[in-house]
$ cat my_file04.txt   # compact mmCIF, C-alpha atoms and all ligand atoms
# COMPACT_ATOMS: atom_id res chain seq x y z
CA MET C 1 86.93 -50.59 -83.48
CA ILE C 2 89.63 -51.82 -81.11
CA THR C 3 89.55 -50.28 -77.63
CA ILE C 4 92.32 -50.55 -75.09
CA ASN C 5 91.41 -49.75 -71.54
CA ASN C 6 93.88 -49.44 -68.63
CA LEU C 7 95.84 -52.30 -70.11
CA SER C 8 98.99 -53.59 -68.44
CA LYS C 9 101.21 -56.64 -68.60
CA VAL C 10 103.65 -57.54 -65.87
CA TYR C 11 106.20 -60.38 -65.99
CA GLU C 12 107.48 -61.25 -62.52
CA THR C 13 107.96 -57.72 -61.20
CA LYS C 14 108.64 -56.01 -64.52
CA LYS C 15 105.85 -53.99 -66.12
CA VAL C 16 106.41 -54.40 -69.86
CA LEU C 17 103.24 -52.64 -71.03
CA SER C 18 101.02 -49.98 -69.55
CA ILE C 19 98.53 -48.17 -71.76
CA GLU C 20 95.67 -46.22 -70.27
CA ASN C 21 93.46 -45.56 -73.27
CA LEU C 22 93.87 -46.15 -76.96
CA GLU C 23 91.37 -46.60 -79.78
CA PHE C 24 91.88 -47.89 -83.28
CA PRO C 25 88.80 -46.98 -85.33
CA LYS C 26 87.51 -48.98 -88.26
CA GLY C 27 89.27 -48.39 -91.54
CA GLN C 28 92.41 -46.78 -90.12
CA THR C 29 95.92 -47.85 -91.08
CA ILE C 30 98.02 -47.65 -87.94
CA GLY C 31 101.76 -48.11 -87.64
CA LEU C 32 103.15 -49.17 -84.28
CA VAL C 33 106.81 -48.26 -83.80
CA GLY C 34 109.24 -48.55 -80.91
CA ASN C 35 112.68 -49.89 -80.14
CA ASN C 36 113.42 -53.55 -79.36
CA GLY C 37 111.55 -54.63 -76.26
CA ALA C 38 109.23 -51.60 -76.33
CA GLY C 39 106.14 -53.80 -76.05
CA LYS C 40 104.74 -53.93 -79.59
CA THR C 41 104.38 -57.72 -79.80
CA THR C 42 103.04 -57.76 -76.24
CA LEU C 43 100.33 -55.31 -77.28
CA PHE C 44 99.42 -57.41 -80.34
CA SER C 45 99.39 -60.58 -78.22
CA LEU C 46 97.01 -58.93 -75.75
CA ILE C 47 94.74 -57.71 -78.57
CA LEU C 48 94.65 -61.26 -79.97
CA ASP C 49 94.07 -62.80 -76.53
CA LEU C 50 97.26 -64.84 -76.82
CA ILE C 51 98.36 -63.69 -73.36
CA GLU C 52 96.38 -62.57 -70.32
CA PRO C 53 96.51 -58.91 -69.27
CA SER C 54 97.73 -58.16 -65.73
CA SER C 55 95.05 -55.47 -65.59
CA GLY C 56 92.57 -53.83 -67.91
CA PHE C 57 91.15 -55.20 -71.13
CA VAL C 58 91.00 -55.02 -74.91
CA SER C 59 87.67 -55.01 -76.68
CA ILE C 60 86.83 -55.35 -80.35
CA ASP C 61 83.48 -53.84 -81.28
CA GLN C 62 82.54 -53.76 -77.59
CA GLU C 63 83.37 -57.42 -77.00
CA LYS C 64 86.16 -58.11 -74.50
CA VAL C 65 88.61 -60.36 -76.32
CA ASN C 66 89.20 -62.59 -73.30
CA GLU C 67 85.49 -63.12 -72.70
CA SER C 68 84.18 -64.10 -76.13
CA GLU C 69 85.12 -65.64 -79.45
CA GLN C 70 82.92 -63.70 -81.90
CA TRP C 71 85.59 -61.09 -82.60
CA LYS C 72 87.84 -63.80 -84.07
CA ASN C 73 85.79 -63.78 -87.30
CA LYS C 74 86.72 -60.13 -87.79
CA VAL C 75 90.45 -60.41 -87.30
CA GLY C 76 93.27 -61.83 -89.40
CA ALA C 77 96.77 -61.78 -87.96
CA PHE C 78 100.30 -62.87 -88.57
CA ILE C 79 102.61 -62.34 -85.62
CA ASP C 80 105.31 -64.96 -86.16
CA GLU C 81 106.05 -68.43 -87.49
CA THR C 82 104.05 -70.08 -84.71
CA PHE C 83 100.99 -68.97 -86.71
CA LEU C 84 102.06 -71.30 -89.54
CA ILE C 85 101.71 -75.08 -89.75
CA GLY C 86 105.08 -76.33 -90.93
CA TYR C 87 104.02 -79.77 -92.10
CA LEU C 88 101.39 -78.41 -94.51
CA THR C 89 102.03 -77.05 -97.98
CA PRO C 90 101.04 -73.39 -98.45
CA GLU C 91 97.89 -74.48 -100.34
CA GLU C 92 96.85 -76.86 -97.54
CA TYR C 93 97.43 -74.10 -94.99
CA PHE C 94 95.38 -71.58 -96.98
CA TYR C 95 92.51 -74.07 -97.36
CA PHE C 96 92.67 -74.79 -93.63
CA LEU C 97 92.38 -71.07 -92.83
CA GLY C 98 89.65 -70.72 -95.47
CA GLU C 99 87.62 -73.44 -93.77
CA LEU C 100 87.95 -71.68 -90.41
CA ARG C 101 86.71 -68.47 -92.02
CA GLY C 102 83.84 -69.97 -94.00
CA GLN C 103 85.58 -70.02 -97.39
CA SER C 104 85.31 -72.96 -99.78
CA LYS C 105 88.39 -74.31 -101.55
CA ALA C 106 87.15 -72.68 -104.75
CA ASN C 107 86.82 -69.32 -102.95
CA VAL C 108 90.36 -69.65 -101.64
CA ASP C 109 91.72 -70.59 -105.08
CA GLU C 110 89.98 -67.57 -106.58
CA PHE C 111 91.32 -65.31 -103.81
CA LEU C 112 94.88 -66.59 -104.23
CA LYS C 113 94.87 -65.61 -107.90
CA ASN C 114 95.20 -62.00 -106.69
CA PHE C 115 98.61 -62.80 -105.22
CA THR C 116 100.36 -64.55 -108.09
CA ASP C 117 102.67 -61.58 -108.44
CA PHE C 118 103.22 -61.29 -104.67
CA PHE C 119 104.17 -64.99 -104.47
CA ASN C 120 106.59 -64.63 -107.37
CA GLY C 121 106.20 -68.26 -108.43
CA GLU C 122 107.73 -69.67 -105.25
CA ILE C 123 104.77 -70.49 -103.03
CA LEU C 124 101.93 -72.14 -104.92
CA ASN C 125 102.49 -75.49 -106.64
CA ALA C 126 106.02 -75.48 -105.27
CA LYS C 127 105.46 -78.94 -103.74
CA LYS C 128 107.18 -77.85 -100.54
CA TYR C 129 106.10 -77.91 -96.95
CA ILE C 130 105.92 -74.52 -95.26
CA ARG C 131 108.79 -75.54 -92.95
CA ASP C 132 111.05 -75.90 -96.02
CA LEU C 133 110.36 -72.42 -97.40
CA SER C 134 112.81 -69.55 -96.98
CA LYS C 135 112.13 -67.10 -94.14
CA GLY C 136 110.81 -64.49 -96.59
CA ASN C 137 108.52 -66.95 -98.32
CA MET C 138 107.19 -68.16 -94.96
CA LYS C 139 106.40 -64.55 -94.18
CA LYS C 140 104.52 -64.18 -97.47
CA VAL C 141 102.42 -67.25 -96.58
CA GLY C 142 101.68 -65.81 -93.13
CA ILE C 143 100.69 -62.39 -94.49
CA ILE C 144 98.38 -63.74 -97.19
CA GLY C 145 96.98 -66.27 -94.70
CA ALA C 146 95.97 -63.33 -92.49
CA LEU C 147 93.98 -61.86 -95.40
CA ILE C 148 91.93 -64.96 -96.23
CA GLY C 149 88.23 -64.31 -95.73
CA THR C 150 88.87 -60.53 -96.00
CA PRO C 151 88.74 -59.83 -92.25
CA ALA C 152 87.82 -56.30 -91.19
CA ILE C 153 90.94 -56.01 -89.01
CA ILE C 154 94.40 -57.17 -90.05
CA ILE C 155 97.27 -57.29 -87.56
CA LEU C 156 100.80 -57.81 -88.87
CA ASP C 157 103.91 -57.86 -86.70
CA GLU C 158 106.93 -56.60 -88.63
CA PRO C 159 105.55 -57.59 -92.04
CA PHE C 160 108.38 -55.91 -93.98
CA ALA C 161 111.21 -57.74 -92.19
CA ASN C 162 112.76 -60.54 -94.30
CA LEU C 163 110.94 -59.47 -97.45
CA ASP C 164 112.95 -58.53 -100.54
CA PRO C 165 112.64 -54.92 -101.76
CA SER C 166 110.23 -55.80 -104.61
CA THR C 167 107.93 -57.65 -102.23
CA GLN C 168 108.09 -54.79 -99.72
CA ILE C 169 106.80 -52.47 -102.46
CA LYS C 170 104.07 -54.98 -103.40
CA LEU C 171 103.07 -55.24 -99.75
CA LYS C 172 102.80 -51.46 -99.41
CA ASN C 173 100.58 -51.35 -102.51
CA LEU C 174 98.47 -54.19 -101.13
CA ILE C 175 97.95 -52.41 -97.77
CA ARG C 176 97.03 -49.14 -99.50
CA ASP C 177 94.67 -50.92 -101.86
CA TRP C 178 92.89 -52.87 -99.10
CA SER C 179 92.55 -49.89 -96.80
CA GLN C 180 91.18 -47.68 -99.57
CA ASN C 181 88.92 -50.12 -101.37
CA LEU C 182 87.86 -52.54 -98.64
CA ASP C 183 87.99 -50.16 -95.66
CA SER C 184 90.17 -52.68 -93.81
CA THR C 185 91.77 -51.69 -90.52
CA PHE C 186 95.51 -52.40 -90.51
CA LEU C 187 97.61 -52.53 -87.39
CA ILE C 188 101.24 -52.94 -88.39
CA SER C 189 104.41 -52.89 -86.33
CA SER C 190 107.67 -52.08 -88.01
CA HIS C 191 111.21 -50.91 -87.41
CA ASP C 192 111.21 -49.38 -90.86
CA LEU C 193 110.09 -45.80 -90.31
CA ALA C 194 110.02 -44.99 -94.04
CA HIS C 195 107.68 -47.87 -94.94
CA THR C 196 105.50 -47.23 -91.91
CA THR C 197 105.01 -43.54 -92.56
CA GLU C 198 104.44 -44.23 -96.24
CA VAL C 199 101.46 -46.56 -95.73
CA CYS C 200 100.07 -45.65 -92.32
CA GLU C 201 97.81 -42.67 -91.74
CA ARG C 202 98.49 -42.80 -88.01
CA ILE C 203 101.66 -43.62 -86.08
CA VAL C 204 101.69 -44.80 -82.49
CA VAL C 205 105.08 -44.84 -80.75
CA ILE C 206 105.70 -47.06 -77.74
CA ASN C 207 108.71 -46.67 -75.48
CA LYS C 208 109.39 -49.03 -72.57
CA GLY C 209 105.79 -50.16 -72.58
CA GLU C 210 104.26 -46.70 -72.62
CA LEU C 211 102.50 -44.74 -75.30
CA VAL C 212 104.72 -41.74 -76.06
CA ARG C 213 103.39 -40.43 -79.39
CA ASP C 214 100.11 -40.80 -81.28
CA ILE C 215 100.20 -38.79 -84.49
CA GLN C 216 98.39 -38.38 -87.78
CA THR C 217 100.95 -38.95 -90.51
CA SER C 218 102.02 -35.79 -92.33
CA PRO C 219 104.94 -34.97 -94.65
CA GLU C 220 107.01 -34.12 -91.53
CA THR C 221 106.32 -37.35 -89.65
CA LEU C 222 109.28 -39.36 -90.96
CA ARG C 223 111.72 -36.58 -90.04
CA ASP C 224 110.06 -36.14 -86.61
CA LEU C 225 110.29 -39.87 -85.89
CA GLU C 226 113.92 -40.03 -86.98
CA GLN C 227 114.60 -37.13 -84.63
CA TYR C 228 112.69 -38.83 -81.82
CA PHE C 229 114.67 -42.07 -82.21
CA SER C 230 118.01 -40.32 -82.52
CA ASP C 231 117.18 -38.41 -79.31
CA GLN C 232 116.59 -41.81 -77.68
CA VAL C 233 120.19 -42.74 -78.54
CA SER C 234 121.47 -39.88 -76.39
CA VAL C 235 118.96 -40.64 -73.60
CA ASN C 236 120.00 -44.34 -73.34
N1 LIG A 1 107.12 -64.47 -71.67
C1 LIG A 1 107.84 -63.43 -71.26
N2 LIG A 1 108.44 -63.45 -70.04
C2 LIG A 1 109.16 -62.39 -69.59
N3 LIG A 1 109.32 -61.25 -70.30
C3 LIG A 1 108.75 -61.17 -71.50
C4 LIG A 1 107.98 -62.25 -72.05
N4 LIG A 1 107.53 -61.87 -73.27
C5 LIG A 1 108.00 -60.62 -73.48
N5 LIG A 1 108.73 -60.20 -72.43
C6 LIG A 1 109.40 -58.90 -72.28
O1 LIG A 1 108.46 -57.88 -72.58
C7 LIG A 1 109.14 -56.75 -73.15
C8 LIG A 1 108.42 -56.35 -74.41
O2 LIG A 1 108.66 -57.33 -75.41
P1 LIG A 1 107.98 -57.28 -76.84
O3 LIG A 1 108.33 -58.54 -77.54
O4 LIG A 1 106.57 -56.92 -76.71
O5 LIG A 1 108.75 -56.04 -77.51
P2 LIG A 1 108.76 -55.55 -79.02
O6 LIG A 1 108.47 -54.08 -78.99
O7 LIG A 1 107.87 -56.39 -79.85
O8 LIG A 1 110.29 -55.79 -79.39
P3 LIG A 1 111.02 -56.15 -80.79
O9 LIG A 1 111.03 -54.89 -81.60
O10 LIG A 1 112.41 -56.52 -80.31
O11 LIG A 1 110.29 -57.29 -81.43
C9 LIG A 1 110.60 -57.18 -73.34
O12 LIG A 1 111.35 -56.68 -72.27
C10 LIG A 1 110.52 -58.70 -73.28
O13 LIG A 1 111.72 -59.27 -72.82
$ encode --input "my_file04.txt" --output "structure tokens" --more "lines below"
Ligand SMILES: Nc1ncnc2c1ncn2[C@@H]1O[C@H](COP(=O)(O)OP(=O)(O)OP(=O)(O)O)[C@@H](O)[C@H]1O
Amino acid sequence: MITINNLSKVYETKKVLSIENLEFPKGQTIGLVGNNGAGKTTLFSLILDLIEPSSGFVSIDQEKVNESEQWKNKVGAFIDETFLIGYLTPEEYFYFLGELRGQSKANVDEFLKNFTDFFNGEILNAKKYIRDLSKGNMKKVGIIGALIGTPAIIILDEPFANLDPSTQIKLKNLIRDWSQNLDSTFLISSHDLAHTTEVCERIVVINKGELVRDIQTSPETLRDLEQYFSDQVSVN
């Protein structure tokens, strides 16, 4: 379980995130939505201890993320290309992550067989460095890298962006499959309301750094969110 407690982040004098209390229980699939600059990546970066909070804390299974390292074994994440290592091939990168997460090369090879279809013949044995892959293929490497070792919590920042429509569908199936069969917790940010409401059982909306909606997904959610965001157009 991820717990957020009186968390804020201030840059210079600007408060870009302020969330009093928020919990993401084990096994939930949560979609984080909000306009550009709302604070989604900031929240992920705080959860992953990539930046220091200005106040408050994040804990994962009661461990404060900025005070221990244990939680790192439970979390796989892909936020952006800085998570990749450009001068490695995808295979080398996957083995590297496997080693960090206690997986042998053979384990990783076996695991990667599940994603032959997802990779669409362009990632493995392509004899290319990650830096030479297309944006979409880099994203595929990052997403699958986050899954190596089957972490309990998977955090993906805008995973659908840059993916072709077929891969977006494969990714939705993958998320559904992992959350149902492996009880994985997914925390996903996206600007695509349709994809998000389709795969996430809970939607959290952030606006200007503040939590404005926290809803269980229902058949009305997509329409409600579209209404919410079109209302924002008239507010701004
Ligand atoms: N290092 C930084 N210094 C100053 N301001 C920052 C820094 N990093 C982020 N911000 C600001 O924090 C706010 C939230 O940014 P964040 O990237 O979290 O938004 P987001 O919801 O992920 O946006 P997007 O949908 O555009 O990716 C923005 O106003 C951004 O300019």
$ residues_near_ligand --input "my_file04.txt" --ligand "ligand LIG 1 (chain A)" --cutoff "6 Å" --atoms "only C-alpha atoms and all ligand atoms" --output "NGL selection string"
:C and (11 or 16 or 34-42)
$ closest_residue --input "my_file04.txt" --among "C:Ile85, C:Ile19, C:Ile153, C:Ala146" --to "C:Leu211" --atoms "all atoms listed in the file"
C:Ile19
$ closest_residue --input "my_file04.txt" --among "C:Ser134, C:Asn5, C:Thr196, C:Ser59" --to "C:Thr217" --atoms "only C-alpha atoms"
C:Thr196
$ residues_around --input "my_file04.txt" --residues "C:Leu50" --least-positions-apart "5" --cutoff "10 Å" --atoms "only C-alpha atoms" --output "list in words"
Thr42, Phe44, Ser45, Val65 and Asn66 of chain C
$ residues_around --input "my_file04.txt" --residues "C:Thr221" --least-positions-apart "3" --cutoff "12 Å" --atoms "only C-alpha atoms" --output "PyMOL selection string"
chain C and resi 31+193-198+200-205+213-218+224-228
$ closest_residue --input "my_file04.txt" --among "C:Asn181, C:Pro151, C:Ile169, C:Leu187" --to "C:Lys74" --atoms "only C-alpha atoms"
C:Pro151
$ closest_residue --input "my_file04.txt" --among "C:Asn173, C:Gln103, C:Thr116, C:Asn21" --to "C:Phe57" --atoms "all atoms listed in the file"
C:Asn21
$ residues_near_point --input "my_file04.txt" --point "(88.0, -70.3, -100.3)" --cutoff "12 Å" --atoms "all atoms listed in the file" --output "number ranges by chain"
C: 91-113, 145, 147-150
$ atom_distance --input "my_file04.txt" --atom1 "atom CA of C:Glu52" --atom2 "atom CA of C:Phe160"
27.4 Å
$ residues_around --input "my_file04.txt" --residues "C:Tyr87" --least-positions-apart "4" --cutoff "7 Å" --atoms "all atoms listed in the file" --output "NGL selection string"
:C and (129-131)
$ atom_distance --input "my_file04.txt" --atom1 "atom CA of C:Ile144" --atom2 "atom CA of C:Thr3"
25.3 Å
$ atom_distance --input "my_file04.txt" --atom1 "atom CA of C:Pro159" --atom2 "atom CA of C:Phe115"
15.8 Å
$ residues_around --input "my_file04.txt" --residues "C:Leu171" --least-positions-apart "4" --cutoff "9 Å" --atoms "all atoms listed in the file" --output "list of chain:residue names"
C:Phe118, C:Pro159, C:Phe160, C:Ser166, C:Thr167, C:Ile175, C:Arg176
$ closest_residue --input "my_file04.txt" --among "C:Asn125, C:Lys170, C:Pro90, C:Ser179" --to "C:Lys26" --atoms "all atoms listed in the file"
C:Ser179
$ build_atoms --input "my_file04.txt" --residues "stretch 158-170 of chain C" --atoms "N, CA and C atoms" --output "CSV table (one decimal), keeping the file's coordinate frame"
chain,number,residue,atom,x,y,z
C,158,GLU,N,105.7,-56.8,-87.8
C,158,GLU,CA,106.9,-56.6,-88.6
C,158,GLU,C,106.8,-57.3,-90.0
C,159,PRO,N,105.8,-56.9,-90.8
C,159,PRO,CA,105.6,-57.6,-92.0
C,159,PRO,C,106.6,-57.3,-93.1
C,160,PHE,N,107.4,-56.2,-92.9
C,160,PHE,CA,108.4,-55.9,-94.0
C,160,PHE,C,109.7,-56.6,-93.7
C,161,ALA,N,109.9,-57.1,-92.5
C,161,ALA,CA,111.2,-57.7,-92.2
C,161,ALA,C,111.3,-59.0,-93.0
C,162,ASN,N,112.5,-59.3,-93.5
C,162,ASN,CA,112.8,-60.5,-94.3
C,162,ASN,C,112.2,-60.5,-95.7
C,163,LEU,N,111.5,-59.5,-96.1
C,163,LEU,CA,110.9,-59.5,-97.4
C,163,LEU,C,111.9,-58.7,-98.4
C,164,ASP,N,112.1,-59.2,-99.6
C,164,ASP,CA,113.0,-58.5,-100.5
C,164,ASP,C,112.3,-57.2,-100.9
C,165,PRO,N,113.2,-56.3,-101.5
C,165,PRO,CA,112.6,-54.9,-101.8
C,165,PRO,C,111.4,-54.9,-102.7
C,166,SER,N,111.4,-55.8,-103.7
C,166,SER,CA,110.2,-55.8,-104.6
C,166,SER,C,109.0,-56.2,-103.8
C,167,THR,N,109.1,-57.2,-103.0
C,167,THR,CA,107.9,-57.6,-102.2
C,167,THR,C,107.5,-56.6,-101.2
C,168,GLN,N,108.5,-55.9,-100.7
C,168,GLN,CA,108.1,-54.8,-99.7
C,168,GLN,C,107.2,-53.8,-100.4
C,169,ILE,N,107.6,-53.4,-101.7
C,169,ILE,CA,106.8,-52.5,-102.5
C,169,ILE,C,105.4,-53.1,-102.8
C,170,LYS,N,105.4,-54.3,-103.1
C,170,LYS,CA,104.1,-55.0,-103.4
C,170,LYS,C,103.2,-55.0,-102.1
